[in-house]
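Raw query_8.pdb, PDB, C-alpha atoms and all ligand atoms:
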```
ATOM      1  CA  MET A1057     203.103 372.935  94.172
ATOM      2  CA  LEU A1058     204.894 370.896  96.856
ATOM      3  CA  ILE A1059     207.671 372.528  98.874
ATOM      4  CA  THR A1060     209.693 370.519 101.383
ATOM      5  CA  THR A1061     212.570 372.815 102.342
ATOM      6  CA  ILE A1062     212.522 375.899 104.553
ATOM      7  CA  ASP A1063     214.821 377.751 102.193
ATOM      8  CA  GLN A1064     212.494 377.271  99.206
ATOM      9  CA  MET A1065     209.435 378.142 101.309
ATOM     10  CA  HIS A1066     211.095 381.372 102.508
ATOM     11  CA  ARG A1067     211.966 382.361  98.958
ATOM     12  CA  TRP A1068     208.475 381.579  97.634
ATOM     13  CA  SER A1069     206.743 383.586 100.387
ATOM     14  CA  ALA A1070     209.149 386.512 100.016
ATOM     15  CA  GLN A1071     208.360 386.643  96.284
ATOM     16  CA  GLN A1072     204.593 386.588  96.958
ATOM     17  CA  ARG A1073     205.003 389.484  99.375
ATOM     18  CA  ARG A1074     207.104 391.438  96.879
ATOM     19  CA  ASP A1075     204.296 390.854  94.350
ATOM     20  CA  GLY A1076     201.810 392.330  96.842
ATOM     21  CA  LYS A1077     200.020 389.016  97.408
ATOM     22  CA  GLN A1078     198.088 388.268 100.592
ATOM     23  CA  ILE A1079     199.289 384.904 101.996
ATOM     24  CA  GLY A1080     196.989 382.652 104.040
ATOM     25  CA  VAL A1081     198.380 379.681 105.974
ATOM     26  CA  VAL A1082     196.508 376.600 107.149
ATOM     27  CA  PRO A1083     198.751 374.674 109.569
ATOM     28  CA  THR A1084     197.849 370.965 109.794
ATOM     29  CA  MET A1085     199.304 367.615 110.719
ATOM     30  CA  GLY A1086     197.848 366.101 107.568
ATOM     31  CA  TYR A1087     195.410 363.283 106.986
ATOM     32  CA  LEU A1088     193.086 366.028 105.838
ATOM     33  CA  HIS A1089     189.316 365.891 106.342
ATOM     34  CA  ASN A1090     186.423 368.245 105.619
ATOM     35  CA  GLY A1091     187.279 370.362 108.663
ATOM     36  CA  HIS A1092     190.673 371.168 107.117
ATOM     37  CA  CYS A1093     188.995 371.699 103.731
ATOM     38  CA  SER A1094     186.679 374.330 105.193
ATOM     39  CA  LEU A1095     189.775 376.204 106.473
ATOM     40  CA  ILE A1096     191.534 375.931 103.099
ATOM     41  CA  LYS A1097     188.424 377.027 101.184
ATOM     42  CA  CYS A1098     187.926 380.033 103.445
ATOM     43  CA  ALA A1099     191.624 380.942 103.137
ATOM     44  CA  SER A1100     191.444 380.688  99.359
ATOM     45  CA  ASN A1101     188.402 382.999  99.307
ATOM     46  CA  GLU A1102     190.075 385.570 101.540
ATOM     47  CA  CYS A1103     193.711 385.437 100.364
ATOM     48  CA  ASP A1104     195.565 385.567  97.037
ATOM     49  CA  VAL A1105     197.615 382.451  97.787
ATOM     50  CA  VAL A1106     197.231 379.659 100.357
ATOM     51  CA  VAL A1107     199.937 377.583 102.009
ATOM     52  CA  THR A1108     198.756 374.381 103.692
ATOM     53  CA  THR A1109     201.431 372.983 105.979
ATOM     54  CA  ILE A1110     201.547 369.257 106.640
ATOM     55  CA  PHE A1111     203.858 368.253 109.451
ATOM     56  CA  VAL A1112     203.305 365.677 112.191
ATOM     57  CA  ASN A1113     205.099 367.585 114.909
ATOM     58  CA  PRO A1114     206.900 365.187 117.280
ATOM     59  CA  LEU A1115     207.315 367.947 119.859
ATOM     60  CA  GLN A1116     203.610 368.076 120.722
ATOM     61  CA  PHE A1117     203.238 364.334 121.395
ATOM     62  CA  GLY A1118     203.983 362.979 124.876
ATOM     63  CA  VAL A1119     205.633 359.686 125.733
ATOM     64  CA  GLY A1120     203.231 356.837 124.944
ATOM     65  CA  GLU A1121     201.029 359.013 122.706
ATOM     66  CA  ASP A1122     200.257 358.242 119.075
ATOM     67  CA  PHE A1123     203.115 360.008 117.232
ATOM     68  CA  GLU A1124     204.348 356.840 115.511
ATOM     69  CA  ARG A1125     200.950 355.682 114.366
ATOM     70  CA  TYR A1126     199.445 359.089 113.562
ATOM     71  CA  PRO A1127     197.908 358.632 110.073
ATOM     72  CA  ARG A1128     200.107 359.930 107.233
ATOM     73  CA  ASP A1129     199.452 359.988 103.477
ATOM     74  CA  LEU A1130     201.109 362.914 101.714
ATOM     75  CA  GLN A1131     199.888 362.019  98.234
ATOM     76  CA  ARG A1132     196.268 361.871  99.383
ATOM     77  CA  ASP A1133     196.694 365.124 101.357
ATOM     78  CA  TYR A1134     198.314 366.876  98.406
ATOM     79  CA  THR A1135     195.304 366.103  96.195
ATOM     80  CA  ILE A1136     192.739 367.093  98.839
ATOM     81  CA  ALA A1137     194.576 370.315  99.723
ATOM     82  CA  SER A1138     195.012 371.306  96.069
ATOM     83  CA  ASP A1139     191.375 370.559  95.227
ATOM     84  CA  ALA A1140     190.251 372.727  98.163
ATOM     85  CA  GLY A1141     192.259 375.727  96.901
ATOM     86  CA  THR A1142     195.803 375.358  98.260
ATOM     87  CA  THR A1143     198.554 377.023  96.219
ATOM     88  CA  VAL A1144     201.481 375.400  98.033
ATOM     89  CA  VAL A1145     201.671 372.365 100.293
ATOM     90  CA  PHE A1146     204.618 372.787 102.652
ATOM     91  CA  ALA A1147     205.603 369.353 103.965
ATOM     92  CA  PRO A1148     209.039 369.463 105.580
ATOM     93  CA  ARG A1149     210.902 366.458 106.960
ATOM     94  CA  THR A1150     211.372 366.239 110.711
ATOM     95  CA  ASP A1151     215.123 366.866 110.489
ATOM     96  CA  GLU A1152     214.454 369.946 108.354
ATOM     97  CA  MET A1153     212.314 371.417 111.167
ATOM     98  CA  TYR A1154     214.390 370.078 114.068
ATOM     99  CA  PRO A1155     218.012 369.476 113.079
ATOM    100  CA  SER A1156     220.105 367.623 115.649
ATOM    101  CA  ASN A1157     221.393 370.872 117.214
ATOM    102  CA  TYR A1158     217.869 372.316 117.649
ATOM    103  CA  ALA A1159     217.502 374.000 121.071
ATOM    104  CA  THR A1160     214.858 376.775 121.135
ATOM    105  CA  PHE A1161     211.334 376.339 122.501
ATOM    106  CA  VAL A1162     208.421 378.693 123.063
ATOM    107  CA  ASP A1163     206.497 378.402 126.316
ATOM    108  CA  VAL A1164     203.017 379.727 126.670
ATOM    109  CA  GLY A1165     201.686 380.794 130.077
ATOM    110  CA  PRO A1166     198.805 379.607 132.266
ATOM    111  CA  ILE A1167     196.284 379.289 129.399
ATOM    112  CA  GLY A1168     198.265 376.258 128.220
ATOM    113  CA  GLU A1169     198.511 374.623 131.620
ATOM    114  CA  LYS A1170     194.880 373.711 132.231
ATOM    115  CA  PHE A1171     192.628 371.097 130.594
ATOM    116  CA  GLU A1172     194.685 369.662 127.682
ATOM    117  CA  GLY A1173     197.837 370.975 129.350
ATOM    118  CA  THR A1174     197.117 368.886 132.467
ATOM    119  CA  PHE A1175     196.463 365.695 130.547
ATOM    120  CA  ARG A1176     199.187 366.269 127.942
ATOM    121  CA  PRO A1177     202.094 368.010 129.708
ATOM    122  CA  GLY A1178     204.366 369.762 127.210
ATOM    123  CA  HIS A1179     201.762 369.501 124.436
ATOM    124  CA  PHE A1180     201.195 373.234 124.011
ATOM    125  CA  ARG A1181     204.906 374.010 124.247
ATOM    126  CA  GLY A1182     205.289 371.740 121.227
ATOM    127  CA  VAL A1183     202.325 373.302 119.412
ATOM    128  CA  VAL A1184     203.416 376.876 120.036
ATOM    129  CA  THR A1185     207.023 376.177 119.080
ATOM    130  CA  VAL A1186     206.090 374.600 115.758
ATOM    131  CA  VAL A1187     203.430 377.210 114.962
ATOM    132  CA  ALA A1188     205.941 380.019 115.633
ATOM    133  CA  LYS A1189     208.383 378.272 113.275
ATOM    134  CA  LEU A1190     205.685 377.762 110.618
ATOM    135  CA  PHE A1191     204.727 381.448 110.834
ATOM    136  CA  HIS A1192     208.367 382.477 110.309
ATOM    137  CA  ILE A1193     208.803 380.018 107.469
ATOM    138  CA  THR A1194     205.592 380.753 105.544
ATOM    139  CA  GLN A1195     205.301 384.505 106.326
ATOM    140  CA  PRO A1196     201.473 384.618 106.212
ATOM    141  CA  HIS A1197     199.179 387.617 106.589
ATOM    142  CA  LEU A1198     196.328 385.407 107.834
ATOM    143  CA  ALA A1199     196.373 382.061 109.664
ATOM    144  CA  TYR A1200     193.408 379.677 109.813
ATOM    145  CA  PHE A1201     192.572 377.283 112.671
ATOM    146  CA  GLY A1202     189.548 375.189 113.645
ATOM    147  CA  GLN A1203     187.484 375.767 116.770
ATOM    148  CA  LYS A1204     187.605 371.996 117.363
ATOM    149  CA  ASP A1205     190.897 372.631 119.227
ATOM    150  CA  TYR A1206     189.508 375.578 121.157
ATOM    151  CA  GLN A1207     192.209 375.763 123.812
ATOM    152  CA  GLN A1208     194.836 375.579 121.063
ATOM    153  CA  THR A1209     193.280 378.613 119.353
ATOM    154  CA  LEU A1210     193.583 380.589 122.608
ATOM    155  CA  VAL A1211     197.183 379.505 123.094
ATOM    156  CA  ILE A1212     198.065 380.523 119.511
ATOM    157  CA  ALA A1213     196.245 383.852 119.901
ATOM    158  CA  GLN A1214     198.458 384.448 122.971
ATOM    159  CA  LEU A1215     201.561 383.525 120.918
ATOM    160  CA  ILE A1216     200.591 385.998 118.176
ATOM    161  CA  ARG A1217     200.025 388.781 120.749
ATOM    162  CA  ASP A1218     203.042 388.125 122.931
ATOM    163  CA  LEU A1219     205.597 387.623 120.167
ATOM    164  CA  ASN A1220     204.103 390.395 117.991
ATOM    165  CA  PHE A1221     203.452 388.354 114.871
ATOM    166  CA  ASP A1222     201.828 390.629 112.279
ATOM    167  CA  ILE A1223     199.262 387.939 111.500
ATOM    168  CA  SER A1224     195.460 387.924 111.757
ATOM    169  CA  MET A1225     194.077 384.701 113.131
ATOM    170  CA  VAL A1226     190.845 383.280 111.743
ATOM    171  CA  VAL A1227     189.013 380.599 113.744
ATOM    172  CA  LEU A1228     186.311 378.650 111.922
ATOM    173  CA  PRO A1229     183.527 376.485 113.383
ATOM    174  CA  THR A1230     183.996 372.771 114.002
ATOM    175  CA  VAL A1231     182.859 370.608 111.103
ATOM    176  CA  ARG A1232     180.814 367.615 112.283
ATOM    177  CA  GLU A1233     179.726 364.248 110.929
ATOM    178  CA  HIS A1234     175.976 363.704 110.413
ATOM    179  CA  ASP A1235     175.634 362.413 114.005
ATOM    180  CA  GLY A1236     177.546 365.306 115.560
ATOM    181  CA  LEU A1237     180.970 363.688 115.968
ATOM    182  CA  ALA A1238     183.585 366.406 115.460
ATOM    183  CA  MET A1239     185.797 365.685 112.446
ATOM    184  CA  SER A1240     189.319 364.740 113.447
ATOM    185  CA  SER A1241     192.190 362.913 111.779
ATOM    186  CA  ARG A1242     192.165 360.617 114.821
ATOM    187  CA  ASN A1243     188.628 359.381 114.014
ATOM    188  CA  VAL A1244     190.230 356.830 111.652
ATOM    189  CA  TYR A1245     191.423 354.957 114.761
ATOM    190  CA  LEU A1246     187.800 354.266 115.809
ATOM    191  CA  SER A1247     186.191 350.911 115.054
ATOM    192  CA  PRO A1248     182.526 351.147 113.937
ATOM    193  CA  GLU A1249     181.463 350.333 117.513
ATOM    194  CA  GLN A1250     183.838 352.877 119.081
ATOM    195  CA  ARG A1251     182.750 355.400 116.459
ATOM    196  CA  HIS A1252     179.194 354.994 117.767
ATOM    197  CA  HIS A1253     180.262 355.489 121.423
ATOM    198  CA  ALA A1254     182.299 358.556 120.469
ATOM    199  CA  THR A1255     179.113 360.573 119.888
ATOM    200  CA  ALA A1256     178.706 360.695 123.689
ATOM    201  CA  LEU A1257     180.965 363.767 123.714
ATOM    202  CA  TYR A1258     178.728 365.688 121.341
ATOM    203  CA  ARG A1259     175.611 364.533 123.183
ATOM    204  CA  ALA A1260     177.112 365.880 126.422
ATOM    205  CA  LEU A1261     177.707 369.273 124.785
ATOM    206  CA  GLN A1262     174.178 369.309 123.443
ATOM    207  CA  ALA A1263     172.708 368.416 126.843
ATOM    208  CA  ALA A1264     174.610 371.292 128.482
ATOM    209  CA  THR A1265     173.611 373.712 125.703
ATOM    210  CA  ASN A1266     169.961 372.724 126.173
ATOM    211  CA  ALA A1267     170.300 373.149 129.937
ATOM    212  CA  ILE A1268     171.718 376.659 129.447
ATOM    213  CA  ASN A1269     168.870 377.524 127.107
ATOM    214  CA  SER A1270     166.425 376.245 129.744
ATOM    215  CA  GLY A1271     167.908 378.543 132.380
ATOM    216  CA  GLU A1272     170.848 376.661 133.975
ATOM    217  CA  ARG A1273     173.618 379.126 134.920
ATOM    218  CA  ARG A1274     175.713 377.139 137.439
ATOM    219  CA  SER A1275     178.969 375.927 135.919
ATOM    220  CA  HIS A1276     179.294 372.937 138.281
ATOM    221  CA  ALA A1277     175.789 371.743 137.335
ATOM    222  CA  LEU A1278     176.691 371.964 133.652
ATOM    223  CA  ALA A1279     179.953 370.094 134.240
ATOM    224  CA  GLU A1280     178.141 367.372 136.201
ATOM    225  CA  LEU A1281     175.529 367.018 133.479
ATOM    226  CA  MET A1282     178.172 366.599 130.759
ATOM    227  CA  THR A1283     180.137 364.124 132.896
ATOM    228  CA  LYS A1284     176.978 362.101 133.468
ATOM    229  CA  VAL A1285     176.026 361.977 129.788
ATOM    230  CA  ILE A1286     179.525 360.758 128.867
ATOM    231  CA  ALA A1287     179.891 358.386 131.819
ATOM    232  CA  ASP A1288     176.490 356.804 131.083
ATOM    233  CA  ASN A1289     178.309 355.203 128.184
ATOM    234  CA  ASP A1290     180.523 352.524 129.801
ATOM    235  CA  HIS A1291     182.932 352.615 126.868
ATOM    236  CA  VAL A1292     183.986 356.233 127.290
ATOM    237  CA  ARG A1293     186.163 357.464 130.167
ATOM    238  CA  VAL A1294     185.911 361.166 130.958
ATOM    239  CA  ASP A1295     189.163 363.122 131.210
ATOM    240  CA  TYR A1296     187.346 366.370 131.893
ATOM    241  CA  ALA A1297     184.031 368.097 131.336
ATOM    242  CA  ALA A1298     183.895 371.773 132.220
ATOM    243  CA  ALA A1299     181.930 374.955 131.654
ATOM    244  CA  VAL A1300     184.270 377.945 131.834
ATOM    245  CA  GLN A1301     184.543 381.498 130.597
ATOM    246  CA  ALA A1302     185.258 381.573 126.848
ATOM    247  CA  GLY A1303     188.455 383.410 125.925
ATOM    248  CA  THR A1304     190.149 382.953 129.296
ATOM    249  CA  LEU A1305     189.097 379.435 130.372
ATOM    250  CA  GLU A1306     188.642 380.940 133.863
ATOM    251  CA  GLU A1307     186.255 379.174 136.201
ATOM    252  CA  VAL A1308     183.057 380.947 137.182
ATOM    253  CA  THR A1309     180.444 379.947 139.716
ATOM    254  CA  GLU A1310     177.493 381.191 137.704
ATOM    255  CA  PHE A1311     177.339 382.608 134.213
ATOM    256  CA  SER A1312     175.597 385.920 133.607
ATOM    257  CA  SER A1313     173.369 386.860 130.746
ATOM    258  CA  GLY A1314     175.334 387.902 127.636
ATOM    259  CA  GLU A1315     178.487 386.092 128.755
ATOM    260  CA  GLN A1316     179.996 383.398 126.513
ATOM    261  CA  ALA A1317     180.534 379.998 128.078
ATOM    262  CA  ALA A1318     183.018 377.460 126.723
ATOM    263  CA  LEU A1319     181.821 373.891 127.219
ATOM    264  CA  LEU A1320     184.870 371.631 127.063
ATOM    265  CA  VAL A1321     184.939 367.832 127.049
ATOM    266  CA  ALA A1322     187.667 365.229 126.639
ATOM    267  CA  GLY A1323     187.364 361.477 126.893
ATOM    268  CA  ARG A1324     189.006 358.205 125.997
ATOM    269  CA  ILE A1325     187.628 355.219 124.168
ATOM    270  CA  GLY A1326     190.218 352.536 124.793
ATOM    271  CA  PRO A1327     193.510 354.222 123.915
ATOM    272  CA  ILE A1328     191.859 356.810 121.639
ATOM    273  CA  ARG A1329     191.539 360.268 123.092
ATOM    274  CA  LEU A1330     188.932 362.681 121.726
ATOM    275  CA  ILE A1331     188.129 366.294 122.556
ATOM    276  CA  ASP A1332     185.252 368.567 121.655
ATOM    277  CA  ASN A1333     183.754 371.897 122.680
ATOM    278  CA  GLU A1334     180.902 374.284 122.124
ATOM    279  CA  LEU A1335     180.707 378.029 122.739
ATOM    280  CA  VAL A1336     177.339 379.164 124.065
ATOM    281  CA  THR A1337     176.184 382.720 124.655
ATOM    282  CA  ILE A1338     174.143 382.816 127.842
ATOM    283  CA  PRO A1339     170.608 384.083 127.025
TER     284      PRO A1339
HETATM  285  O1  LIG A1401     195.982 371.422 115.112
HETATM  286  C1  LIG A1401     196.949 370.840 114.595
HETATM  287  O2  LIG A1401     196.822 370.088 113.635
HETATM  288  C2  LIG A1401     198.339 371.044 115.161
HETATM  289  O3  LIG A1401     198.306 371.167 116.541
HETATM  290  C3  LIG A1401     199.093 372.223 114.525
HETATM  291  C4  LIG A1401     198.419 373.550 114.816
HETATM  292  C5  LIG A1401     199.185 372.020 113.024
HETATM  293  C6  LIG A1401     200.522 372.294 115.078
HETATM  294  O4  LIG A1401     201.220 371.121 114.825
END
```
Encoded form using structure tokens:
Amino acid sequence: MLITTIDQMHRWSAQQRRDGKQIGVVPTMGYLHNGHCSLIKCASNECDVVVTTIFVNPLQFGVGEDFERYPRDLQRDYTIASDAGTTVVFAPRTDEMYPSNYATFVDVGPIGEKFEGTFRPGHFRGVVTVVAKLFHITQPHLAYFGQKDYQQTLVIAQLIRDLNFDISMVVLPTVREHDGLAMSSRNVYLSPEQRHHATALYRALQAATNAINSGERRSHALAELMTKVIADNDHVRVDYAAAVQAGTLEEVTEFSSGEQAALLVAGRIGPIRLIDNELVTIP
């Protein structure tokens, strides 16, 4: 079923709750790929009904970013989402979500200011605002997100804690192409040649993971290694490459055994910006 208005979505979710149904939500910006499908499939295994939201949120795009040309195809998404186990696709119009008198925004603290927050000022304010709205509109018990946007998962976990949403968050592993490239709706922008260069990000993560498994504990050495692997490819510009504490994104000088490190990379191929990450438990 397709729902496009907030009023209808509210009424549908309220009825499901009255019927004792467990609602899972998978928030997306559409142009669904196998990464989204893995979230929808997991939600449909764990919940009675699944709402997949499809909304290209203007609030999380900065000036000069790709809001206008972000890929959109609701019919295609509707079929993919339904086939993967979605009960309802919620696809509101922009003026339904942000009428002209819209004025309320949710700010997240320091966790949203580093890494992506530095390169995309205001991005997480837009993400958190729309996710808070989608939670209120769809009334889920569980919400599913991909680890591909690791910092985003931390920011949303903070939102759920701070604003006391009675929602359990489920984060599922990044789904990758055969050569390691993390699946992303933005991959459609890549030409075959750029697509090949884009694997530099994954290779950087692998190199750092191997270094950790061979005994490297110094975060700056891991960051330098990842930067070098990416920068060795002339076609990719590094925005950042960092090894930080998972969960907090705090810097550490050296990791200790048993600690979880978050390896974070972001780079640009021409105008196309890609991010990736890996979580590694220090042996
Ligand atoms: O990850 C995304 O696709 C978006 O940031 C989200 C969570 C759907 C909010 O617009």
All residues having an atom within 7 Å of ligand LIG 1401 (chain A) (all atoms listed in the file) as a VMD selection string: chain A and resid 1083 to 1085 1111 to 1113 1183 1186 to 1187 1205
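For the residues A:His1066, A:Cys1093, A:Leu1305, A:Val1119, ranking by smallest atom-to-atom distance to A:Gly1168 using only C-alpha atoms places A:Leu1305 first.
Distances to A:Ala1213 were evaluated for A:Ser1241, A:Asn1333, A:Ser1100, A:Thr1304 using all atoms listed in the file, and the minimum falls at A:Thr1304.
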Residue members of the PyMOL selection byres (((chain A and resi 1274-1287) around 10) and not hetatm) in the file shown, as a PyMOL selection string: chain A and resi 1253-1265+1267-1268+1271-1273+1288-1301+1307-1312+1317+1319-1323
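This file gives the following result for the PyMOL selection byres (((chain A and resi 1160) around 12) and not hetatm): A:Leu1115, A:Met1153, A:Tyr1154, A:Pro1155, A:Ser1156, A:Asn1157, A:Tyr1158, A:Ala1159, A:Phe1161, A:Val1162, A:Asp1163, A:Arg1181, A:Gly1182, A:Val1184, A:Thr1185, A:Val1186, A:Ala1188, A:Lys1189.
The protein and nucleic acid residues lying at most 6 Å from A:Gln1316 are Ala1302, Val1336 and Thr1337 of chain A, with only C-alpha atoms considered and sequence neighbours fewer than 4 positions away removed.
Protein and nucleic acid residues near (197.6, 388.8, 110.2) are Gln1078, Ile1079, Gly1080, Gln1195, Pro1196, His1197, Leu1198, Ala1199, Ile1216, Phe1221, Asp1222, Ile1223, Ser1224, Met1225 and Val1226 of chain A, the criterion being any atom at most 10 Å away using all atoms listed in the file.
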Atom-to-atom span, atom CA of A:Glu1233 and atom CA of A:Tyr1134, Å: 22.6 Å
